[in-house]
Amino acid sequence: MAEPTPRRNEPRLRPAPLLFEPAEAGADPEHFFDLESMDDPRALLARATELTQAFRAAADRAMEFQAVAAAQLADPRRFDRLTTADIAERADWTEDYAKKMVEFGRDLLRGGEGPHHADPA
């Protein structure tokens with residue numbers, strides 16, 4: 001399971017860069033960030049671990065942006081606000097999860113601290 005995402009008052013760790021994959025490499029299903037060409041298992045483990053951490057950090061960050069967007073879309077001050085059911089449909093979530101994401105997003109928008117500050121999952 002991914003480690004908790006650092007909050008606004010904690011520095012974010014910078015994971016290994018996700019190197020660009022050329023189009024021809026992406027067409028080969030066996031090609032994945034050049035890992036298949038590494039012969040040294042120590043180097044392979046190190047790079048695969050870096051990529052795992054980078055993908056987790058990217059997923060955590062993207063989820064925070066989803067939550068902020070959900071909170072903004074559900075804001076009752078918006079004339080075009082969406083219901084949690086509408087947000088759930090757009091994001092392919094359950095309505096209960098959409099409600100949790102809206103609250104998580106509101107918490108992030110308020111500054112991130114508080115009793116409800118936890119991943120919505």
# chains A, B, ... in the order shown; residues from 1 in each chain; ligands from 1
>>> residues_around(residues="A:Arg106", least_positions_apart="4", cutoff="9 Å", atoms="only C-alpha atoms", output="MDAnalysis selection string")
chainID A and resid 67:68 70:72 101:102 110:112
>>> residues_around(residues="stretch 92-98 of chain A", least_positions_apart="5", cutoff="10 Å", atoms="only C-alpha atoms", output="list in words")
Gln66, Ala67, Ala70, Ala71, Ala74, Thr83, Thr84, Ala85, Asp86, Ile87, Glu103, Phe104, Pro120 and Ala121 of chain A
>>> write_last_selection(atoms="C-alpha atoms", output="PDB file, in the first residue's frame")
ATOM      1  CA  GLN A  66      -9.278  14.726  -8.239  1.00  0.00           C
ATOM      2  CA  ALA A  67     -10.449  15.499  -4.719  1.00  0.00           C
ATOM      3  CA  ALA A  70     -14.638  17.204  -6.908  1.00  0.00           C
ATOM      4  CA  ALA A  71     -14.888  19.687  -4.027  1.00  0.00           C
ATOM      5  CA  ALA A  74     -19.753  20.308  -5.589  1.00  0.00           C
ATOM      6  CA  THR A  83     -24.336  16.581  -7.214  1.00  0.00           C
ATOM      7  CA  THR A  84     -22.156  13.851  -5.780  1.00  0.00           C
ATOM      8  CA  ALA A  85     -24.061  11.430  -8.023  1.00  0.00           C
ATOM      9  CA  ASP A  86     -23.048  13.492 -11.079  1.00  0.00           C
ATOM     10  CA  ILE A  87     -19.437  13.634  -9.902  1.00  0.00           C
ATOM     11  CA  GLU A 103     -14.860  16.107   1.765  1.00  0.00           C
ATOM     12  CA  PHE A 104     -11.210  15.230   1.245  1.00  0.00           C
ATOM     13  CA  PRO A 120     -10.683   8.833   1.211  1.00  0.00           C
ATOM     14  CA  ALA A 121     -10.183   5.156   0.444  1.00  0.00           C
TER      15      ALA A 121
END
>>> residues_around(residues="A:Ala48", least_positions_apart="4", cutoff="8 Å", atoms="only C-alpha atoms", output="list in words")
Leu35, Leu44 and Thr52 of chain A
>>> closest_residue(among="A:Leu109, A:Arg47, A:Ser37, A:Arg77", to="A:Phe65", atoms="only C-alpha atoms")
A:Leu109
>>> atom_distance(atom1="atom CA of A:Gly105", atom2="atom CA of A:Met63")
9.5 Å
>>> select_by_dssp(residues="stretch 43-110 of chain A", states="helix (DSSP H, G or I)", output="MDAnalysis selection string")
chainID A and resid 43:74 84:91 95:110
>>> closest_residue(among="A:Ala91, A:Leu82, A:Leu73, A:Glu64", to="A:Asp107", atoms="only C-alpha atoms")
A:Glu64
>>> atom_distance(atom1="atom CA of A:Glu36", atom2="atom CA of A:Arg56")
20.8 Å
>>> decode(residues="stretch 61-81 of chain A", atoms="N, CA, C and O atoms", output="short mmCIF file (atom, residue, chain, number, x, y, z; two decimals), in the first residue's frame")
data_model
loop_
_atom_site.label_atom_id
_atom_site.label_comp_id
_atom_site.auth_asym_id
_atom_site.auth_seq_id
_atom_site.Cartn_x
_atom_site.Cartn_y
_atom_site.Cartn_z
N ARG A 61 -0.68 12.16 -5.92
CA ARG A 61 -0.84 13.56 -6.31
C ARG A 61 -2.06 13.74 -7.20
O ARG A 61 -2.83 14.68 -7.04
N ALA A 62 -2.24 12.83 -8.15
CA ALA A 62 -3.39 12.91 -9.04
C ALA A 62 -4.69 12.76 -8.25
O ALA A 62 -5.68 13.45 -8.53
N MET A 63 -4.70 11.87 -7.24
CA MET A 63 -5.89 11.70 -6.43
C MET A 63 -6.22 12.98 -5.67
O MET A 63 -7.39 13.34 -5.53
N GLU A 64 -5.20 13.68 -5.18
CA GLU A 64 -5.46 14.96 -4.50
C GLU A 64 -6.08 15.97 -5.46
O GLU A 64 -7.00 16.69 -5.08
N PHE A 65 -5.60 16.00 -6.69
CA PHE A 65 -6.19 16.90 -7.67
C PHE A 65 -7.63 16.49 -7.99
O PHE A 65 -8.50 17.35 -8.18
N GLN A 66 -7.90 15.19 -8.05
CA GLN A 66 -9.28 14.73 -8.24
C GLN A 66 -10.16 15.22 -7.11
O GLN A 66 -11.28 15.68 -7.33
N ALA A 67 -9.67 15.10 -5.89
CA ALA A 67 -10.45 15.50 -4.72
C ALA A 67 -10.73 17.01 -4.73
O ALA A 67 -11.85 17.43 -4.45
N VAL A 68 -9.73 17.79 -5.06
CA VAL A 68 -9.92 19.24 -5.13
C VAL A 68 -10.94 19.58 -6.21
O VAL A 68 -11.85 20.39 -6.00
N ALA A 69 -10.82 18.95 -7.37
CA ALA A 69 -11.78 19.20 -8.45
C ALA A 69 -13.18 18.79 -8.03
O ALA A 69 -14.15 19.52 -8.30
N ALA A 70 -13.32 17.65 -7.36
CA ALA A 70 -14.64 17.20 -6.91
C ALA A 70 -15.23 18.20 -5.92
O ALA A 70 -16.42 18.54 -6.00
N ALA A 71 -14.41 18.70 -5.00
CA ALA A 71 -14.89 19.69 -4.03
C ALA A 71 -15.31 20.97 -4.73
O ALA A 71 -16.34 21.56 -4.38
N GLN A 72 -14.55 21.40 -5.70
CA GLN A 72 -14.90 22.61 -6.44
C GLN A 72 -16.19 22.42 -7.23
O GLN A 72 -17.03 23.32 -7.27
N LEU A 73 -16.34 21.26 -7.86
CA LEU A 73 -17.56 21.00 -8.64
C LEU A 73 -18.80 20.91 -7.75
O LEU A 73 -19.90 21.22 -8.19
N ALA A 74 -18.62 20.47 -6.51
CA ALA A 74 -19.75 20.31 -5.59
C ALA A 74 -20.02 21.56 -4.76
O ALA A 74 -20.98 21.59 -3.97
N ASP A 75 -19.21 22.60 -4.93
CA ASP A 75 -19.35 23.82 -4.15
C ASP A 75 -20.74 24.42 -4.34
O ASP A 75 -21.12 24.76 -5.47
N PRO A 76 -21.51 24.57 -3.26
CA PRO A 76 -22.87 25.10 -3.39
C PRO A 76 -22.92 26.54 -3.87
O PRO A 76 -23.97 27.01 -4.32
N ARG A 77 -21.79 27.25 -3.85
CA ARG A 77 -21.77 28.63 -4.34
C ARG A 77 -21.69 28.69 -5.87
O ARG A 77 -21.90 29.75 -6.44
N ARG A 78 -21.41 27.57 -6.49
CA ARG A 78 -21.32 27.54 -7.96
C ARG A 78 -22.72 27.43 -8.55
O ARG A 78 -23.51 26.59 -8.13
N PHE A 79 -23.01 28.23 -9.55
CA PHE A 79 -24.32 28.13 -10.20
C PHE A 79 -24.43 26.83 -10.99
O PHE A 79 -25.52 26.31 -11.20
N ASP A 80 -23.28 26.28 -11.42
CA ASP A 80 -23.28 25.05 -12.21
C ASP A 80 -22.79 23.84 -11.40
O ASP A 80 -22.26 22.89 -11.95
N ARG A 81 -22.97 23.90 -10.08
CA ARG A 81 -22.46 22.82 -9.23
C ARG A 81 -23.07 21.48 -9.63
O ARG A 81 -24.16 21.41 -10.19
#
